[in-house]
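S.K.: One file is attached below, my_file03.tsv, containing TSV, C-alpha atoms.
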chain	number	residue	atom	x	y	z
F	1	MET	CA	132.05	131.01	95.63
F	2	THR	CA	129.27	129.08	93.90
F	3	ILE	CA	129.51	127.49	90.44
F	4	LEU	CA	126.26	126.43	88.78
F	5	VAL	CA	126.50	123.49	86.37
F	6	HIS	CA	123.55	122.84	84.08
F	7	HIS	CA	123.03	119.18	83.25
F	8	ILE	CA	120.32	117.41	81.24
F	9	GLY	CA	119.72	113.67	81.21
F	10	ALA	CA	119.60	110.50	83.29
F	11	LEU	CA	122.03	107.65	84.11
F	12	GLY	CA	124.15	107.36	80.95
F	13	ASP	CA	124.12	111.10	80.32
F	14	THR	CA	125.35	111.72	83.87
F	15	ILE	CA	128.18	109.21	83.67
F	16	VAL	CA	129.60	110.60	80.42
F	17	THR	CA	129.46	114.04	82.07
F	18	ILE	CA	131.91	113.01	84.82
F	19	PRO	CA	135.09	114.02	82.87
F	20	ALA	CA	133.60	117.50	82.34
F	21	LEU	CA	132.66	117.73	86.02
F	22	ARG	CA	136.24	116.80	86.94
F	23	ALA	CA	137.44	119.67	84.76
F	24	VAL	CA	135.01	122.03	86.51
F	25	ARG	CA	136.23	120.89	89.93
F	26	ALA	CA	139.84	121.37	88.84
F	27	ALA	CA	139.07	124.90	87.62
F	28	TRP	CA	137.26	125.86	90.85
F	29	PRO	CA	138.60	123.46	93.54
F	30	ALA	CA	137.16	125.34	96.51
F	31	ALA	CA	133.80	126.26	94.96
F	32	ASP	CA	130.36	125.14	96.07
F	33	VAL	CA	129.28	123.31	92.91
F	34	VAL	CA	125.50	123.22	92.46
F	35	MET	CA	123.96	121.12	89.69
F	36	LEU	CA	120.82	122.44	88.02
F	37	HIS	CA	119.31	119.37	86.36
F	38	ASP	CA	116.09	118.27	84.75
F	39	ALA	CA	113.88	115.77	86.55
F	40	PRO	CA	110.42	114.46	85.64
F	41	ARG	CA	107.64	115.54	87.96
F	42	ARG	CA	106.67	111.90	88.49
F	43	PRO	CA	109.78	109.78	87.84
F	44	GLY	CA	109.01	106.19	86.93
F	45	PRO	CA	111.04	103.02	87.40
F	46	GLY	CA	114.38	103.15	85.66
F	47	VAL	CA	114.66	106.96	85.76
F	48	VAL	CA	117.84	107.77	87.68
F	49	SER	CA	118.51	111.18	89.21
F	50	PRO	CA	122.03	112.60	88.81
F	51	ALA	CA	122.20	112.80	92.61
F	52	ARG	CA	122.01	109.00	92.85
F	53	VAL	CA	125.04	108.75	90.54
F	54	LEU	CA	127.19	111.63	91.79
F	55	GLU	CA	126.66	111.57	95.55
F	56	GLY	CA	129.98	110.82	97.23
F	57	THR	CA	132.12	111.63	94.19
F	58	GLY	CA	133.06	115.09	95.46
F	59	LEU	CA	132.23	116.56	92.05
F	60	VAL	CA	128.90	118.16	92.99
F	61	ASP	CA	127.99	119.58	96.39
F	62	ARG	CA	124.28	120.26	95.94
F	63	PHE	CA	121.51	119.51	93.47
F	64	LEU	CA	118.77	121.80	92.18
F	65	PRO	CA	116.20	119.78	90.17
F	66	TYR	CA	113.56	121.29	87.94
F	67	ALA	CA	110.51	119.58	86.42
F	68	ARG	CA	110.92	119.03	82.70
F	69	ASP	CA	107.41	117.80	81.88
F	70	LEU	CA	105.27	120.77	82.87
F	71	GLY	CA	103.23	123.12	80.71
F	72	GLY	CA	101.13	126.24	80.97
F	73	PRO	CA	100.95	128.05	84.32
F	74	ALA	CA	102.77	125.19	86.07
F	75	LEU	CA	105.79	125.69	83.82
F	76	VAL	CA	105.80	129.43	84.49
F	77	ALA	CA	105.70	128.76	88.23
F	78	GLU	CA	108.56	126.27	87.92
F	79	LEU	CA	110.71	128.72	85.95
F	80	TRP	CA	110.02	131.37	88.59
F	81	ARG	CA	111.14	128.96	91.31
F	82	VAL	CA	114.35	128.15	89.44
F	83	TRP	CA	115.01	131.86	88.79
F	84	ARG	CA	114.64	132.72	92.46
F	85	SER	CA	116.88	129.80	93.48
F	86	VAL	CA	119.64	130.82	91.07
F	87	ARG	CA	119.31	134.45	92.13
F	88	ALA	CA	119.80	133.43	95.76
F	89	LEU	CA	122.86	131.33	94.89
F	90	ALA	CA	124.54	134.25	93.09
F	91	PRO	CA	126.87	131.92	91.14
F	92	ALA	CA	130.20	133.25	89.92
F	93	ALA	CA	129.71	131.28	86.69
F	94	ALA	CA	127.23	128.99	84.96
F	95	VAL	CA	128.68	125.97	83.15
F	96	PHE	CA	126.69	123.95	80.63
F	97	VAL	CA	127.57	120.24	80.69
F	98	GLY	CA	124.43	119.01	78.92
F	99	PRO	CA	124.05	117.19	75.60
F	100	SER	CA	126.06	118.37	72.61
F	101	GLU	CA	122.88	118.28	70.51
F	102	ARG	CA	121.10	121.00	72.48
F	103	ASP	CA	120.35	123.55	69.78
F	104	ALA	CA	121.51	127.15	69.76
F	105	SER	CA	118.05	128.58	70.41
F	106	ALA	CA	117.59	126.45	73.54
F	107	LEU	CA	121.04	127.48	74.78
F	108	ARG	CA	120.16	131.13	74.22
F	109	ARG	CA	116.99	130.68	76.29
F	110	ASP	CA	118.97	128.97	79.06
F	111	ARG	CA	121.54	131.74	79.05
F	112	ALA	CA	118.92	134.51	79.03
F	113	LEU	CA	117.12	133.01	82.04
F	114	LEU	CA	120.35	132.65	84.02
F	115	ARG	CA	121.59	136.11	83.03
F	116	SER	CA	118.33	137.65	84.24
F	117	ALA	CA	118.96	135.86	87.56
F	118	GLY	CA	122.30	137.62	87.91
F	119	VAL	CA	124.81	135.24	86.27
F	120	ARG	CA	127.51	137.10	84.36
F	121	ARG	CA	130.04	134.45	83.31
F	122	PHE	CA	129.03	131.57	81.03
F	123	VAL	CA	131.10	128.50	80.13
F	124	GLY	CA	130.15	125.81	77.63
F	125	PHE	CA	127.13	127.61	76.21
F	126	GLY	CA	128.66	127.94	72.74
F	127	ALA	CA	128.19	125.62	69.79
F	128	ALA	CA	129.40	122.09	70.51
F	129	PRO	CA	132.30	120.81	68.39
F	130	ARG	CA	131.26	117.97	66.09
F	131	SER	CA	134.57	116.25	66.69
F	132	PRO	CA	135.63	114.22	68.61
F	133	ALA	CA	132.71	111.87	68.10
F	134	GLY	CA	132.22	110.73	71.70
F	135	GLU	CA	129.70	112.65	73.79
F	136	GLY	CA	131.93	112.75	76.87
F	137	LEU	CA	134.83	114.17	74.83
F	138	ARG	CA	132.56	116.74	73.20
F	139	LYS	CA	131.61	118.07	76.62
F	140	LEU	CA	135.29	118.58	77.45
F	141	ALA	CA	135.91	120.24	74.08
F	142	ARG	CA	133.00	122.58	74.70
F	143	LEU	CA	134.49	123.68	78.02
F	144	ALA	CA	137.91	124.04	76.39
F	145	GLN	CA	136.47	126.65	74.03
F	146	ASP	CA	135.98	128.84	77.10
F	147	GLY	CA	139.34	128.04	78.66
F	148	VAL	CA	138.15	125.67	81.41
F	149	ALA	CA	139.36	122.31	80.11
F	150	THR	CA	142.20	121.03	77.99
F	151	ALA	CA	142.29	117.69	76.22
F	152	ALA	CA	145.88	117.24	77.40
F	153	ASP	CA	144.83	116.36	80.95
F	154	ALA	CA	144.08	112.64	80.70
F	155	SER	CA	143.25	112.42	84.41
F	156	TRP	CA	139.72	113.63	83.67
F	157	LEU	CA	139.19	110.50	81.59
F	158	SER	CA	140.87	108.07	83.98
F	159	LEU	CA	138.84	105.13	85.25
F	160	PRO	CA	137.05	104.25	87.40
F	161	PHE	CA	134.56	107.10	87.24
F	162	LEU	CA	132.70	105.76	90.28
F	163	THR	CA	134.03	104.20	93.48
F	164	VAL	CA	132.34	101.06	94.77
F	165	THR	CA	132.09	101.05	98.56
F	166	PRO	CA	132.88	97.99	100.70
F	167	ALA	CA	129.34	98.07	102.11
F	168	ASP	CA	127.75	97.91	98.64
F	169	LEU	CA	130.11	95.12	97.62
F	170	ALA	CA	129.27	93.17	100.78
F	171	ALA	CA	125.54	93.42	100.10
F	172	VAL	CA	125.99	92.22	96.52
F	173	ASP	CA	128.33	89.41	97.58
F	174	THR	CA	125.80	88.21	100.14
F	175	TRP	CA	123.14	88.03	97.43
F	176	LEU	CA	125.51	86.18	95.06
F	177	ASP	CA	126.32	83.67	97.80
F	178	GLU	CA	122.62	83.11	98.46
F	179	MET	CA	122.11	82.51	94.73
F	180	GLN	CA	125.13	80.13	94.71
F	181	ALA	CA	126.60	82.12	91.85
F	182	PRO	CA	130.02	80.89	90.69
F	183	ARG	CA	132.54	83.66	91.32
F	184	GLY	CA	134.66	84.59	88.33
F	185	ARG	CA	131.96	83.31	85.94
F	186	LEU	CA	129.50	86.19	86.11
F	187	ILE	CA	128.24	88.06	83.05
F	188	ALA	CA	125.77	90.94	83.25
F	189	ILE	CA	123.09	90.92	80.57
F	190	ALA	CA	120.90	93.98	79.95
F	191	PRO	CA	118.35	93.16	77.24
F	192	GLU	CA	115.71	95.65	78.39
F	193	THR	CA	115.16	99.33	77.67
F	194	ARG	CA	112.34	101.84	77.73
F	195	MET	CA	113.05	102.86	74.12
F	196	ASN	CA	111.71	100.55	71.40
F	197	ALA	CA	114.24	101.73	68.82
F	198	LYS	CA	117.11	100.32	70.91
F	199	LEU	CA	115.71	96.80	71.34
F	200	TRP	CA	117.34	93.63	70.07
F	201	PRO	CA	114.93	90.68	69.64
F	202	ALA	CA	114.30	88.95	72.98
F	203	GLU	CA	114.68	85.46	71.51
F	204	ARG	CA	118.23	86.36	70.42
F	205	PHE	CA	119.18	87.49	73.91
F	206	ALA	CA	117.69	84.24	75.18
F	207	GLU	CA	119.96	82.27	72.86
F	208	ILE	CA	123.04	84.21	73.97
F	209	GLY	CA	122.17	83.44	77.60
F	210	ARG	CA	121.68	79.74	76.87
F	211	ARG	CA	125.06	79.50	75.14
F	212	LEU	CA	126.74	81.14	78.13
F	213	VAL	CA	125.07	78.76	80.59
F	214	GLU	CA	126.07	75.75	78.46
F	215	ARG	CA	129.70	76.88	78.74
F	216	GLY	CA	129.65	77.32	82.50
F	217	TRP	CA	128.96	81.05	82.70
F	218	TRP	CA	126.35	82.57	85.02
F	219	PRO	CA	124.36	85.34	83.27
F	220	ILE	CA	122.73	87.93	85.51
F	221	LEU	CA	119.81	90.02	84.34
F	222	ILE	CA	120.47	93.63	85.29
F	223	GLY	CA	118.19	96.61	84.79
F	224	ALA	CA	114.95	98.14	85.99
F	225	GLY	CA	112.70	95.50	84.43
F	226	VAL	CA	110.39	98.09	82.85
F	227	GLY	CA	109.35	99.31	79.44
F	228	PRO	CA	108.65	97.59	76.11
F	229	GLY	CA	111.88	95.61	76.35
F	230	SER	CA	110.83	93.88	79.56
F	231	ALA	CA	110.17	90.35	78.33
F	232	GLY	CA	110.40	88.63	81.72
F	233	GLY	CA	111.37	85.06	82.57
F	234	TRP	CA	114.97	85.47	81.48
F	235	VAL	CA	116.45	82.90	83.87
F	236	GLU	CA	113.97	80.30	82.60
F	237	ARG	CA	114.84	81.18	79.00
F	238	TRP	CA	118.56	80.89	79.74
F	239	ARG	CA	118.08	77.70	81.81
F	240	GLY	CA	120.32	79.17	84.47
F	241	GLY	CA	121.77	82.33	85.91
F	242	GLY	CA	120.22	84.95	88.18
F	243	ASP	CA	117.70	87.78	88.04
F	244	ALA	CA	118.73	91.13	89.56
F	245	GLY	CA	116.25	93.11	87.48
F	246	GLY	CA	114.88	96.01	89.52
F	247	ARG	CA	116.59	94.75	92.67
F	248	TRP	CA	119.49	97.17	93.10
F	249	ASP	CA	119.95	100.94	93.10
F	250	VAL	CA	122.81	102.62	91.22
F	251	PRO	CA	125.58	102.09	93.83
F	252	HIS	CA	124.70	98.39	94.28
F	253	SER	CA	124.33	97.90	90.51
F	254	ALA	CA	127.81	99.37	90.10
F	255	ALA	CA	129.10	96.93	92.72
F	256	LEU	CA	127.46	94.01	90.92
F	257	LEU	CA	128.93	95.08	87.58
F	258	SER	CA	132.37	95.32	89.18
F	259	ARG	CA	132.07	91.58	89.94
F	260	CYS	CA	131.25	90.69	86.32
F	261	ALA	CA	133.71	89.66	83.64
F	262	LEU	CA	131.60	91.27	80.91
F	263	TYR	CA	128.49	93.36	80.25
F	264	VAL	CA	126.36	92.34	77.26
F	265	GLY	CA	123.37	94.50	76.47
F	266	VAL	CA	121.62	97.21	74.54
F	267	ASP	CA	122.76	100.81	74.50
F	268	SER	CA	121.53	102.18	77.83
F	269	GLY	CA	122.75	103.90	80.95
F	270	LEU	CA	123.79	100.51	82.32
F	271	ALA	CA	126.43	100.16	79.60
F	272	HIS	CA	127.98	103.41	80.79
F	273	LEU	CA	127.66	102.32	84.42
F	274	ALA	CA	129.56	99.12	83.59
F	275	ALA	CA	132.30	101.09	81.86
F	276	ALA	CA	132.47	103.48	84.83
F	277	VAL	CA	133.61	100.60	87.10
F	278	ARG	CA	135.95	99.12	84.47
F	279	CYS	CA	133.73	96.25	83.38
F	280	ARG	CA	134.31	95.45	79.72
F	281	THR	CA	131.21	95.73	77.55
F	282	VAL	CA	129.63	94.37	74.39
F	283	VAL	CA	127.04	96.98	73.44
F	284	LEU	CA	124.38	96.43	70.80
F	285	THR	CA	123.63	99.89	69.51
F	286	SER	CA	120.96	101.12	67.12
F	287	GLY	CA	121.37	103.72	64.42
F	288	LEU	CA	119.67	106.51	66.36
F	289	PHE	CA	122.75	108.69	66.77
F	290	GLU	CA	126.05	109.42	65.10
F	291	LEU	CA	128.59	106.64	64.91
F	292	GLY	CA	130.56	106.57	68.17
F	293	GLN	CA	128.60	109.36	69.85
F	294	TRP	CA	127.40	107.26	72.79
F	295	ASP	CA	130.12	104.62	72.96
F	296	PRO	CA	131.21	103.84	76.55
F	297	LEU	CA	134.31	105.74	77.68
F	298	GLY	CA	137.48	103.75	78.23
F	299	ASP	CA	139.23	100.84	76.54
F	300	GLY	CA	138.21	97.24	76.01
F	301	HIS	CA	134.65	97.85	74.80
F	302	THR	CA	133.03	96.36	71.70
F	303	VAL	CA	130.21	98.36	70.14
F	304	LEU	CA	128.20	96.48	67.51
F	305	ARG	CA	126.25	98.50	64.96
F	306	HIS	CA	124.58	97.47	61.72
F	307	ARG	CA	124.79	100.37	59.28
F	308	THR	CA	121.57	101.33	57.47
F	309	PRO	CA	120.55	104.19	55.14
F	310	CYS	CA	118.13	105.49	57.78
F	311	GLU	CA	120.69	105.81	60.60
F	312	ARG	CA	120.90	108.97	62.72
F	313	CYS	CA	117.09	109.02	62.73
F	314	ARG	CA	116.77	110.01	66.44
F	315	VAL	CA	113.36	108.39	66.83
F	316	SER	CA	112.26	106.38	69.84
F	317	GLU	CA	109.97	104.10	67.81
F	318	CYS	CA	111.43	102.65	64.60
F	319	PRO	CA	109.11	103.38	61.62
F	320	VAL	CA	110.94	100.99	59.26
F	321	ALA	CA	109.54	97.49	58.83
F	322	GLY	CA	111.71	94.89	60.53
F	323	HIS	CA	113.78	97.43	62.49
F	324	PRO	CA	116.87	96.69	60.33
F	325	CYS	CA	119.55	98.47	62.38
F	326	MET	CA	118.96	96.07	65.29
F	327	THR	CA	117.71	92.90	63.61
F	328	GLY	CA	120.70	93.21	61.28
F	329	LEU	CA	122.88	92.19	64.24
F	330	SER	CA	122.90	88.40	64.09
F	331	ILE	CA	123.18	86.03	67.05
F	332	ASP	CA	126.52	84.74	65.77
F	333	CYS	CA	127.86	88.29	65.36
F	334	VAL	CA	127.04	89.05	68.99
F	335	TRP	CA	128.28	85.68	70.19
F	336	ASP	CA	131.64	86.17	68.46
F	337	ALA	CA	132.00	89.57	70.18
F	338	VAL	CA	131.16	88.02	73.57
F	339	GLN	CA	133.80	85.33	73.11
F	340	ARG	CA	136.40	87.89	72.08
F	341	GLY	CA	135.54	90.07	75.07
F	342	LEU	CA	135.89	87.19	77.49
F	343	ALA	CA	139.16	86.05	75.91
F	344	THR	CA	140.60	89.57	76.11
F	345	ALA	CA	139.54	89.95	79.74
F	346	ALA	CA	141.09	86.60	80.62
F	347	ALA	CA	144.33	87.41	78.81
F	348	SER	CA	144.65	90.72	80.65
F	349	GLY	CA	143.88	89.15	83.99
F	350	GLU	CA	140.60	91.04	84.38
F	351	ALA	CA	138.23	88.07	84.49
F	352	ARG	CA	136.55	88.24	87.90
As structure tokens, how would this structure be written, given the file I've shared?

M.R.:
Amino acid sequence: MTILVHHIGALGDTIVTIPALRAVRAAWPAADVVMLHDAPRRPGPGVVSPARVLEGTGLVDRFLPYARDLGGPALVAELWRVWRSVRALAPAAAVFVGPSERDASALRRDRALLRSAGVRRFVGFGAAPRSPAGEGLRKLARLAQDGVATAADASWLSLPFLTVTPADLAAVDTWLDEMQAPRGRLIAIAPETRMNAKLWPAERFAEIGRRLVERGWWPILIGAGVGPGSAGGWVERWRGGGDAGGRWDVPHSAALLSRCALYVGVDSGLAHLAAAVRCRTVVLTSGLFELGQWDPLGDGHTVLRHRTPCERCRVSECPVAGHPCMTGLSIDCVWDAVQRGLATAAASGEAR
């Protein structure tokens, strides 16, 4: 039996989909689970395929990517390829685990294409519940509407979401030793993003890094090092620490985050990756989406958000002078959250 799961999104989207994928696996434990997912024709740095996140988890057996950035005859040819692939799979059911904000008309188009390819049972293609607020919980609630998931099973939300392998840990530890990084004093900092509307001023991240170094912490830049948020020279700005920007793939980045006492950064896939390996986070989030919609799953996270009248704008480039939802987060506000996060981790014995 084959089950087709339809997923849309990159690193963070994939991680918050893991509870829903666990529910799918529980519903069809012996099935061949194939993920139909979007993928850019020419992926750039920082674009992470779901396969790089989910390989080895046992949640998905095979991956069927489709190009999302085509038009004209090329798009028609791509849809024909996907149709033939789904037809050959003959799935017993199609399960939508994509974003809760996918509108009804798009879902109807998805369903019509899959039905024409022979799919007869559909799960999760109905309207997404607006509550609970978190995106990962909404995916579960959507499946529950079709009898596949129940909120009562907390095992689907249990951490960690990803398992760090000894080999990945060994590679990261070797690098940390070469950098003479003080163990137990590591903090991951992710100031960079490809979306302007999520940026916090670089000089403020520089100040946070300097304060950490002055107090004996070792900040590590983590991320792809691309996009408008790539300011460069972070170690020099912090006057200490290490630069892992663009160095590691997803499994090694997860291993590195598992060695850190705290993640401090903008709202990106890396925040969800940190949460997936039980690293506490301080996330600086913009007003793009609903309050709480993209908070990391799990306990011990601090999400900082400055409320503005223009929130829930869903724009990638802020049109408001001064970008108030991000510049409204002061250095001292973030610093207080960092100190609280470190104190909580130390008190619970999680400082690494």

S.K.: Counting all atoms listed in the file, which residues come within 8 Å of (116.4, 132.6, 84.3), with the point read in the file's coordinates, and could you list them as a list in words?

M.R.: Leu79, Trp80, Val82, Trp83, Val86, Asp110, Arg111, Ala112, Leu113, Leu114, Arg115, Ser116 and Ala117 of chain F

S.K.: Mind checking which residues fall within 6 Å of region 87-96 of chain F, counting only C-alpha atoms, ignoring those fewer than 3 positions away in the same chain, and posting them as a list in words?

M.R.: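 With the cut-off at 6 Å, the set is Thr2, Ile3, Leu4, Val5, His6, Arg84, Ala117, Arg121, Phe122, Val123, Gly124 and Phe125 of chain F.
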
S.K.: Keeping only C-alpha atoms, write the selected residues as a PDB file, in the coordinates of the input.

M.R.:
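Wrote part_19.pdb, looks like this:
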ATOM      1  CA  THR F   2     129.270 129.080  93.900  1.00  0.00           C
ATOM      2  CA  ILE F   3     129.510 127.490  90.440  1.00  0.00           C
ATOM      3  CA  LEU F   4     126.260 126.430  88.780  1.00  0.00           C
ATOM      4  CA  VAL F   5     126.500 123.490  86.370  1.00  0.00           C
ATOM      5  CA  HIS F   6     123.550 122.840  84.080  1.00  0.00           C
ATOM      6  CA  ARG F  84     114.640 132.720  92.460  1.00  0.00           C
ATOM      7  CA  ALA F 117     118.960 135.860  87.560  1.00  0.00           C
ATOM      8  CA  ARG F 121     130.040 134.450  83.310  1.00  0.00           C
ATOM      9  CA  PHE F 122     129.030 131.570  81.030  1.00  0.00           C
ATOM     10  CA  VAL F 123     131.100 128.500  80.130  1.00  0.00           C
ATOM     11  CA  GLY F 124     130.150 125.810  77.630  1.00  0.00           C
ATOM     12  CA  PHE F 125     127.130 127.610  76.210  1.00  0.00           C
TER      13      PHE F 125
END

S.K.: Just give me the gap between CA of Ser258 (chain F) and CA of Ala274 (chain F) in Å, one decimal is fine.

M.R.: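 According to the coordinates, CA of Ser258 (chain F) and CA of Ala274 (chain F) are separated by 7.3 Å.
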
S.K.: Please determine, counting only C-alpha atoms, which residue among F:Ala343, F:Ala244, F:Val282, F:Leu70 has the shortest atom-to-atom distance to Leu176 (chain F).

M.R.: F:Ala244

S.K.: Taking (134.8, 121.4, 92.7) in the file's own coordinates, collect the residues within 12 Å, counting only C-alpha atoms, and hand them back as a PyMOL selection string.

M.R.: chain F and resi 1-5+18+20-35+57-62

S.K.: Compile the contact shell of region 163-165 of chain F as a count of residues only: residues with an atom at most 10 Å away, counting all atoms listed in the file, same-chain residues fewer than 4 positions apart removed.

M.R.: 15

S.K.: Which is closer to Pro191 (chain F) than all the others in F:Ser268, F:Ser286, F:Ser348, F:Gln293, using all atoms listed in the file?

M.R.: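 The answer is F:Ser268, which sits nearest to Pro191 (chain F).
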
S.K.: Which distance in Å separates CA of Gly98 (chain F) and CA of Asp168 (chain F), to one decimal?

M.R.: 29.1 Å

S.K.: Rank nothing, just name the residue among F:Leu212, F:Leu137, F:Ala39, F:Leu262 nearest to Trp335 (chain F), using all atoms listed in the file.

M.R.: F:Leu212

S.K.: I'd like the interatomic distance between CA of Ala271 (chain F) and CA of Thr302 (chain F), to a tenth of an Å.

M.R.: 11.0 Å

S.K.: Which of these residues is nearest to Lys198 (chain F), using only C-alpha atoms: F:Thr327, F:Ser49, F:Thr14, F:Ser131?

M.R.: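 Result for the nearest residue to Lys198 (chain F): F:Thr327.
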
S.K.: For Gly242 (chain F), which of F:Gly184, F:Trp175, F:Glu214, F:Arg305 is the closest residue, counting all atoms listed in the file?

M.R.: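 Distance minimum relative to Gly242 (chain F) lands on F:Trp175.
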